Structure formats: structure tokens, C-alpha cells
>>> print(open('input_27.cif').read())   # mmCIF, C-alpha atoms and all ligand atoms
data_start
loop_
_atom_site.label_atom_id
_atom_site.label_comp_id
_atom_site.auth_asym_id
_atom_site.auth_seq_id
_atom_site.Cartn_x
_atom_site.Cartn_y
_atom_site.Cartn_z
CA MET A 1 96.69 107.56 70.16
CA THR A 2 93.76 105.51 68.86
CA ASP A 3 92.31 102.50 70.63
CA GLU A 4 93.77 100.29 67.89
CA GLN A 5 97.27 101.68 68.43
CA LEU A 6 96.94 101.10 72.15
CA LEU A 7 96.24 97.43 71.73
CA ALA A 8 99.33 95.22 71.61
CA LYS A 9 99.43 91.92 69.80
CA PRO A 10 98.19 89.28 72.27
CA ARG A 11 101.04 87.13 73.58
CA ALA A 12 101.93 84.90 76.46
CA ALA A 13 103.09 86.82 79.52
CA ASN A 14 106.25 84.72 79.84
CA THR A 15 107.75 85.41 76.44
CA SER A 16 110.97 87.36 76.17
CA ALA A 17 108.95 90.41 75.11
CA ALA A 18 107.63 90.53 78.66
CA GLN A 19 111.07 90.64 80.24
CA ASP A 20 111.18 94.42 80.46
CA SER A 21 108.23 94.18 82.82
CA HIS A 22 108.49 94.34 86.58
CA TYR A 23 105.68 92.59 88.36
CA VAL A 24 104.12 94.72 91.10
CA HIS A 25 104.47 93.52 94.67
CA THR A 26 102.99 94.92 97.87
CA ALA A 27 106.40 96.53 98.50
CA ASP A 28 105.78 98.68 95.42
CA LEU A 29 102.73 100.34 96.97
CA ARG A 30 103.53 103.99 97.58
CA TYR A 31 101.57 104.41 100.78
CA GLN A 32 102.44 102.13 103.64
CA THR A 33 99.58 101.25 105.96
CA GLY A 34 100.50 102.39 109.46
CA SER A 35 99.99 101.06 112.97
CA ALA A 36 96.79 103.11 113.55
CA TRP A 37 95.02 100.95 110.98
CA ILE A 38 96.01 97.63 112.55
CA GLU A 39 95.05 98.98 116.01
CA ALA A 40 91.59 99.90 114.69
CA VAL A 41 91.21 96.42 113.18
CA LEU A 42 92.32 94.60 116.34
CA GLY A 43 90.01 96.86 118.37
CA ASP A 44 86.93 95.60 116.48
CA PHE A 45 87.92 92.36 114.82
CA ASN A 46 84.37 91.14 114.22
CA GLY A 47 83.59 94.47 112.52
CA PHE A 48 86.72 94.05 110.39
CA MET A 49 85.71 90.50 109.44
CA GLN A 50 82.21 91.66 108.47
CA ASP A 51 83.77 94.19 106.11
CA HIS A 52 86.24 91.57 104.87
CA ALA A 53 83.36 89.20 104.03
CA ALA A 54 81.65 91.97 102.04
CA ALA A 55 84.94 92.69 100.20
CA GLU A 56 85.28 89.03 99.15
CA LYS A 57 81.70 89.02 97.87
CA LYS A 58 82.33 92.21 95.88
CA ALA A 59 85.57 90.75 94.46
CA ALA A 60 83.60 87.73 93.19
CA GLY A 61 80.99 90.08 91.70
CA MET A 62 83.72 92.10 89.97
CA ALA A 63 85.17 88.92 88.42
CA MET A 64 81.71 87.95 87.15
CA SER A 65 81.12 91.42 85.69
CA MET A 66 84.39 91.07 83.73
CA ILE A 67 83.01 87.85 82.21
CA SER A 68 79.81 89.64 81.19
CA HIS A 69 81.74 92.56 79.72
CA TYR A 70 84.34 90.52 77.78
CA PRO A 71 82.65 87.24 76.78
CA ASP A 72 84.81 87.04 73.62
CA LYS A 73 88.15 86.76 75.47
CA PRO A 74 88.62 83.05 76.36
CA GLU A 75 91.69 83.52 78.58
CA LEU A 76 89.99 86.30 80.55
CA VAL A 77 86.71 84.37 80.87
CA GLU A 78 88.51 81.30 82.25
CA ALA A 79 90.68 83.32 84.63
CA MET A 80 87.74 85.36 85.93
CA SER A 81 85.60 82.24 86.38
CA GLU A 82 88.31 80.70 88.54
CA LEU A 83 88.76 83.96 90.42
CA ALA A 84 85.02 84.30 91.13
CA VAL A 85 84.96 80.77 92.55
CA GLU A 86 88.02 81.45 94.70
CA GLU A 87 86.71 84.79 96.01
CA MET A 88 83.41 83.11 96.90
CA SER A 89 85.32 80.41 98.76
CA HIS A 90 87.06 83.18 100.72
CA PHE A 91 83.65 84.71 101.40
CA ARG A 92 82.32 81.35 102.63
CA ASP A 93 85.34 80.91 104.92
CA VAL A 94 85.05 84.41 106.43
CA ALA A 95 81.29 83.91 106.96
CA LYS A 96 82.04 80.63 108.76
CA TRP A 97 84.61 82.39 110.97
CA LEU A 98 82.04 85.04 111.86
CA HIS A 99 79.45 82.40 112.75
CA ARG A 100 81.98 80.50 114.86
CA ARG A 101 82.77 83.75 116.67
CA GLY A 102 79.09 84.12 117.59
CA THR A 103 78.22 86.84 115.09
CA THR A 104 76.84 87.16 111.57
CA LEU A 105 77.43 89.03 108.34
CA ALA A 106 76.45 92.70 108.34
CA ALA A 107 74.71 94.85 105.75
CA ASP A 108 77.07 95.98 102.96
CA ARG A 109 78.46 99.47 103.34
CA LYS A 110 79.92 101.69 100.66
CA ASP A 111 83.68 101.27 100.40
CA PRO A 112 85.02 104.80 99.77
CA TYR A 113 88.45 103.50 98.73
CA ILE A 114 87.03 101.18 96.06
CA LEU A 115 84.71 103.89 94.76
CA ARG A 116 87.58 106.36 94.41
CA VAL A 117 89.97 103.88 92.81
CA ARG A 118 87.32 102.77 90.31
CA ASP A 119 86.58 106.42 89.59
CA VAL A 120 89.96 106.81 87.85
CA ILE A 121 89.08 104.20 85.21
CA ARG A 122 89.18 106.03 81.87
CA LEU A 123 86.50 105.83 79.20
CA GLY A 124 87.37 104.43 75.78
CA ARG A 125 87.19 100.77 74.85
CA ASP A 126 90.83 99.80 75.32
CA VAL A 127 91.92 102.20 78.03
CA TYR A 128 88.80 101.17 79.98
CA PHE A 129 89.83 97.51 79.70
CA LEU A 130 93.44 98.27 80.66
CA ASP A 131 92.36 100.39 83.64
CA ARG A 132 89.88 97.79 84.86
CA LEU A 133 92.61 95.14 84.90
CA LEU A 134 95.21 97.38 86.54
CA THR A 135 92.95 98.96 89.17
CA ALA A 136 91.72 95.46 90.09
CA GLY A 137 95.35 94.39 90.44
CA ILE A 138 96.27 97.35 92.62
CA ILE A 139 93.23 96.74 94.84
CA GLU A 140 94.48 93.15 95.25
CA ALA A 141 97.94 94.51 96.14
CA ARG A 142 96.47 96.68 98.90
CA GLY A 143 94.52 93.66 100.14
CA ALA A 144 97.68 91.54 100.18
CA GLU A 145 99.49 94.23 102.19
CA ARG A 146 96.72 94.63 104.75
CA PHE A 147 95.84 90.94 105.19
CA GLY A 148 99.58 90.36 105.68
CA LEU A 149 99.60 92.98 108.45
CA VAL A 150 96.58 91.29 110.07
CA ALA A 151 98.34 87.91 109.90
CA ASP A 152 101.48 89.42 111.47
CA ALA A 153 99.49 91.01 114.30
CA LEU A 154 97.37 87.98 115.27
CA PRO A 155 98.60 85.50 117.88
CA ALA A 156 99.74 82.07 116.61
CA GLY A 157 96.77 79.92 115.69
CA SER A 158 94.28 79.03 113.00
CA LEU A 159 92.99 82.59 112.45
CA LYS A 160 96.54 83.85 111.87
CA ASN A 161 97.14 80.99 109.41
CA PHE A 162 93.89 81.81 107.66
CA TYR A 163 94.94 85.45 107.12
CA ARG A 164 98.40 84.36 106.00
CA GLY A 165 96.70 82.25 103.30
CA ILE A 166 94.38 85.09 102.29
CA ALA A 167 97.35 87.48 101.93
CA ARG A 168 99.13 84.98 99.69
CA SER A 169 96.10 84.55 97.44
CA GLU A 170 95.66 88.33 97.06
CA GLN A 171 99.26 88.52 95.82
CA ARG A 172 98.45 85.76 93.31
CA HIS A 173 95.38 87.71 92.18
CA LEU A 174 97.52 90.80 91.66
CA ASP A 175 99.88 88.72 89.49
CA LEU A 176 96.87 87.38 87.57
CA PHE A 177 95.46 90.83 86.72
CA GLU A 178 98.89 92.14 85.81
CA SER A 179 99.66 89.19 83.55
CA LEU A 180 96.27 89.60 81.84
CA ALA A 181 97.10 93.29 81.28
CA ARG A 182 100.48 92.30 79.81
CA ARG A 183 98.76 89.64 77.69
CA TYR A 184 96.49 92.20 76.00
CA PHE A 185 98.63 95.40 76.10
CA SER A 186 102.27 96.34 75.56
CA ASN A 187 104.66 96.46 78.51
CA THR A 188 105.34 100.12 77.79
CA LEU A 189 101.67 100.99 78.20
CA VAL A 190 101.16 98.75 81.21
CA ASN A 191 104.27 100.04 83.01
CA ALA A 192 103.36 103.70 82.40
CA ARG A 193 99.79 103.27 83.64
CA ILE A 194 100.86 101.22 86.68
CA ASP A 195 103.25 104.05 87.59
CA GLU A 196 100.38 106.58 87.43
CA LEU A 197 97.94 104.33 89.25
CA LEU A 198 100.36 103.58 92.08
CA ASP A 199 100.60 107.32 92.78
CA ILE A 200 96.84 107.82 92.55
CA GLU A 201 96.13 104.82 94.81
CA ALA A 202 98.65 105.98 97.41
CA GLY A 203 96.90 109.35 97.59
CA ILE A 204 93.51 107.66 98.05
CA ALA A 205 94.76 105.16 100.66
CA ALA A 206 96.39 107.99 102.65
CA ASP A 207 93.20 110.04 102.51
CA ILE A 208 90.68 107.41 103.64
CA PRO A 209 89.81 107.73 107.37
CA THR A 210 91.07 104.84 109.48
CA ARG A 211 88.39 102.35 110.54
CA ALA A 212 88.04 98.67 111.38
CA ALA A 213 87.62 97.74 107.73
CA LEU A 214 89.86 96.53 104.91
CA HIS A 215 89.90 100.09 103.55
FE FE B 1 89.82 87.07 98.22
FE FE B 2 91.43 88.69 95.57
#
>>> encode(input="input_27.cif", output="C-alpha cells")
Amino acid sequence: MTDEQLLAKPRAANTSAAQDSHYVHTADLRYQTGSAWIEAVLGDFNGFMQDHAAAEKKAAGMAMSMISHYPDKPELVEAMSELAVEEMSHFRDVAKWLHRRGTTLAADRKDPYILRVRDVIRLGRDVYFLDRLLTAGIIEARGAERFGLVADALPAGSLKNFYRGIARSEQRHLDLFESLARRYFSNTLVNARIDELLDIEAGIAADIPTRAALH
């Protein structure tokens, strides 16, 4: 199939043509994060928050790199601009939490999960674009799952509420990437690639050693 054949006619995500789509939710992830992960996080919560801050900063950087790569797609540029601002506001909030807790940001570390997920992005103009959108969405789904687990595990209070809000915004970001994918590609293509990527991501998530980090 050529790149041209892969590309669907652009359309709004809420037209009837999109009705055969099923929007991915955290429940669709094929590896469920277990209790060992949440125990590791609660055992070194400042360490977890340092990694979380770095993840928000990288998410903002990813949104900005999409703008640089696809300057000719107005809908994408506007969505990624908003996303970059929102991810930086998450970064600012996590940094403030760290400072309030008497600690600081830490040096960025390599995130083996992100590296491996991004490694499955295929080369070729259109499949590359599709895979960038869908891997970004699946990374958001994993974030939504894990921030939700953190919120569930924390005692009632402002930090729990903060993580509840973060989990909700990651789910919104997943919906955003998926609707962009469905805006630029056919549902058939998007559904088939999501199915493959969910399997690949589950294998990677299961394989990453447990530590007090988002991944
Ligand atoms: Fe975020
Ligand atoms: Fe996000």
C-alpha cells in the first residue's frame, strides 16, 4: 500500500464515518499495572515525583516537536500548542509540589519504556505520522492508568486530588491523539494499528523493571 492510499480524506472525528471506531480507554490496555509498582512508588514518593516532573517536561517537548514536524496541519498545530502549554502547567505544578515537600527536581534519566515504545514507530511519511499519534496516545493511556492508581492509593487530601486531576487530563490527551489519528487516517487503519500497538505496549510495560517512576 502506498503512502497516498494510506491517507484517508480528512474529516471531523464526530461524523458518522467515525462511528465504527472505539475510543481507547485505560481499561483497553493489555497489561495491568500490579501492586508491586504502586508499592515502589509509595516507598519513594519524592523519587516518583521527580520522574513525573521529567515526564511532563518530555510530554511538552514531544508536543512542540510535532508542531515543528507538521507546520502545515492547522488542527494539529493548534492542538499540540494547547497540549504543550498544558503539559508545562503540569510540570510547573509537580515542581511546586517537590519544592513544598523540601526537595527539588532531579537530573533527567532515560525512560526505557518511552524509548522502546517510540522504537516501534515505522518509517514512511504517513505510517510515521500515524504511529507518532497512536504511540503518543497509548503512552497517555498508560499515564492515565498509573496516575489513577497513585490517586487511589494516596490518603484523602490535596495530593490525592492533584493526581486524580492529572489522571483525568491524561485520558483527555489520549482522546486527543486518537481523534487526530482518526481525523487524518481511516478508522480501519487506525483500529488495526491500535490493536497491534496495544499488544506491543503490553509486552514492553510487562518487561520494564519495577521502580519508583512513572514507567
Ligand atoms: Fe501531563
Ligand atoms: Fe499528557
>>> atom_distance(input="input_27.cif", atom1="atom CA of Met80 of chain A", atom2="atom CA of Glu145 of chain A")
21.9 Å
>>> residues_near_ligand(input="input_27.cif", ligand="ligand FE 2 (chain B)", cutoff="9 Å", atoms="only C-alpha atoms and all ligand atoms", output="PyMOL selection string")
chain A and resi 55-56+59-60+83-84+86-87+90+136-137+139-141+143-144+166-167+169-174
>>> closest_residue(input="input_27.cif", among="A:Lys96, A:Arg30, A:His22, A:Lys57", to="ligand FE 1 (chain B)", atoms="all atoms listed in the file")
A:Lys57
>>> closest_residue(input="input_27.cif", among="A:Ala212, A:Ala107, A:Leu197, A:Ala192", to="Ser21 of chain A", atoms="only C-alpha atoms")
A:Ala192
>>> closest_residue(input="input_27.cif", among="A:Gly165, A:Gly43, A:Gly203, A:Gly124", to="ligand FE 1 (chain B)", atoms="only C-alpha atoms and all ligand atoms")
A:Gly165
>>> closest_residue(input="input_27.cif", among="A:Arg101, A:Tyr113, A:Arg142, A:Ala106", to="ligand FE 1 (chain B)", atoms="all atoms listed in the file")
A:Arg142
>>> atom_distance(input="input_27.cif", atom1="atom CA of Val24 of chain A", atom2="atom CA of Ala156 of chain A")
28.8 Å
>>> closest_residue(input="input_27.cif", among="A:Leu130, A:Leu189, A:Leu214, A:Ala40", to="ligand FE 1 (chain B)", atoms="all atoms listed in the file")
A:Leu214
>>> residues_near_point(input="input_27.cif", point="(80.5, 89.0, 108.3)", cutoff="6 Å", atoms="all atoms listed in the file", output="number ranges by chain")
A: 49-50, 53, 95, 98, 104-106
>>> write_last_selection(input="input_27.cif", atoms="C-alpha atoms", output="mmCIF file, in the coordinates of the input")
data_model
loop_
_atom_site.group_PDB
_atom_site.id
_atom_site.type_symbol
_atom_site.label_atom_id
_atom_site.label_comp_id
_atom_site.auth_asym_id
_atom_site.auth_seq_id
_atom_site.Cartn_x
_atom_site.Cartn_y
_atom_site.Cartn_z
ATOM 1 C CA MET A 49 85.710 90.500 109.440
ATOM 2 C CA GLN A 50 82.210 91.660 108.470
ATOM 3 C CA ALA A 53 83.360 89.200 104.030
ATOM 4 C CA ALA A 95 81.290 83.910 106.960
ATOM 5 C CA LEU A 98 82.040 85.040 111.860
ATOM 6 C CA THR A 104 76.840 87.160 111.570
ATOM 7 C CA LEU A 105 77.430 89.030 108.340
ATOM 8 C CA ALA A 106 76.450 92.700 108.340
#
>>> closest_residue(input="input_27.cif", among="A:Tyr184, A:Phe129, A:Phe147, A:Phe91", to="Asn161 of chain A", atoms="all atoms listed in the file")
A:Phe147
>>> residues_around(input="input_27.cif", residues="Asp207 of chain A", least_positions_apart="3", cutoff="12 Å", atoms="only C-alpha atoms", output="PDB file with C-alpha atoms, keeping the file's coordinate frame")
ATOM      1  CA  TYR A  31     101.570 104.410 100.780  1.00  0.00           C
ATOM      2  CA  THR A  33      99.580 101.250 105.960  1.00  0.00           C
ATOM      3  CA  PRO A 112      85.020 104.800  99.770  1.00  0.00           C
ATOM      4  CA  TYR A 113      88.450 103.500  98.730  1.00  0.00           C
ATOM      5  CA  ARG A 116      87.580 106.360  94.410  1.00  0.00           C
ATOM      6  CA  VAL A 117      89.970 103.880  92.810  1.00  0.00           C
ATOM      7  CA  ILE A 200      96.840 107.820  92.550  1.00  0.00           C
ATOM      8  CA  GLU A 201      96.130 104.820  94.810  1.00  0.00           C
ATOM      9  CA  ALA A 202      98.650 105.980  97.410  1.00  0.00           C
ATOM     10  CA  GLY A 203      96.900 109.350  97.590  1.00  0.00           C
ATOM     11  CA  ILE A 204      93.510 107.660  98.050  1.00  0.00           C
ATOM     12  CA  THR A 210      91.070 104.840 109.480  1.00  0.00           C
ATOM     13  CA  HIS A 215      89.900 100.090 103.550  1.00  0.00           C
TER      14      HIS A 215
END
>>> atom_distance(input="input_27.cif", atom1="atom CA of Leu134 of chain A", atom2="atom CA of Glu178 of chain A")
6.4 Å
>>> axis_aligned_box(input="input_27.cif", around="segment 171-188 of chain A", padding_each_side="3 Å", output="JSON")
{"center_x": 100.4, "center_y": 92.9, "center_z": 85.7, "size_x": 16.0, "size_y": 20.4, "size_z": 26.3}
>>> residues_around(input="input_27.cif", residues="segment 63-79 of chain A", least_positions_apart="6", cutoff="9 Å", atoms="all atoms listed in the file", output="ChimeraX atom specification")
/A:87,132,176,180
>>> decode(input="input_27.cif", residues="segment 48-65 of chain A", atoms="N, CA and C atoms", output="mmCIF file, in the first residue's frame")
data_model
loop_
_atom_site.group_PDB
_atom_site.id
_atom_site.type_symbol
_atom_site.label_atom_id
_atom_site.label_comp_id
_atom_site.auth_asym_id
_atom_site.auth_seq_id
_atom_site.Cartn_x
_atom_site.Cartn_y
_atom_site.Cartn_z
ATOM 1 N N PHE A 48 9.489 9.302 42.792
ATOM 2 C CA PHE A 48 8.438 9.168 41.779
ATOM 3 C C PHE A 48 8.072 10.538 41.216
ATOM 4 N N MET A 49 7.908 11.524 42.102
ATOM 5 C CA MET A 49 7.507 12.859 41.628
ATOM 6 C C MET A 49 8.610 13.514 40.789
ATOM 7 N N GLN A 50 9.859 13.229 41.096
ATOM 8 C CA GLN A 50 10.951 13.763 40.265
ATOM 9 C C GLN A 50 10.857 13.185 38.853
ATOM 10 N N ASP A 51 10.577 11.886 38.769
ATOM 11 C CA ASP A 51 10.425 11.261 37.452
ATOM 12 C C ASP A 51 9.173 11.791 36.752
ATOM 13 N N HIS A 52 8.096 11.982 37.531
ATOM 14 C CA HIS A 52 6.852 12.508 36.964
ATOM 15 C C HIS A 52 7.095 13.891 36.351
ATOM 16 N N ALA A 53 7.830 14.743 37.081
ATOM 17 C CA ALA A 53 8.123 16.088 36.560
ATOM 18 C C ALA A 53 8.850 15.981 35.216
ATOM 19 N N ALA A 54 9.848 15.100 35.156
ATOM 20 C CA ALA A 54 10.608 14.926 33.909
ATOM 21 C C ALA A 54 9.684 14.451 32.788
ATOM 22 N N ALA A 55 8.736 13.554 33.123
ATOM 23 C CA ALA A 55 7.809 13.028 32.109
ATOM 24 C C ALA A 55 6.929 14.148 31.555
ATOM 25 N N GLU A 56 6.483 15.059 32.417
ATOM 26 C CA GLU A 56 5.641 16.176 31.940
ATOM 27 C C GLU A 56 6.444 17.083 31.003
ATOM 28 N N LYS A 57 7.688 17.314 31.372
ATOM 29 C CA LYS A 57 8.550 18.171 30.544
ATOM 30 C C LYS A 57 8.780 17.517 29.181
ATOM 31 N N LYS A 58 8.993 16.204 29.181
ATOM 32 C CA LYS A 58 9.202 15.497 27.905
ATOM 33 C C LYS A 58 7.922 15.497 27.070
ATOM 34 N N ALA A 59 6.760 15.395 27.737
ATOM 35 C CA ALA A 59 5.481 15.414 27.005
ATOM 36 C C ALA A 59 5.302 16.761 26.310
ATOM 37 N N ALA A 60 5.676 17.851 26.998
ATOM 38 C CA ALA A 60 5.586 19.185 26.380
ATOM 39 C C ALA A 60 6.547 19.263 25.190
ATOM 40 N N GLY A 61 7.745 18.708 25.350
ATOM 41 C CA GLY A 61 8.738 18.722 24.271
ATOM 42 C C GLY A 61 8.257 17.929 23.063
ATOM 43 N N MET A 62 7.580 16.808 23.337
ATOM 44 C CA MET A 62 7.047 15.980 22.247
ATOM 45 C C MET A 62 5.988 16.760 21.473
ATOM 46 N N ALA A 63 5.110 17.461 22.200
ATOM 47 C CA ALA A 63 4.059 18.252 21.533
ATOM 48 C C ALA A 63 4.711 19.332 20.658
ATOM 49 N N MET A 64 5.761 19.958 21.156
ATOM 50 C CA MET A 64 6.424 21.004 20.369
ATOM 51 C C MET A 64 7.130 20.420 19.149
ATOM 52 N N SER A 65 7.669 19.198 19.291
ATOM 53 C CA SER A 65 8.343 18.607 18.129
ATOM 54 C C SER A 65 7.325 18.237 17.045
#
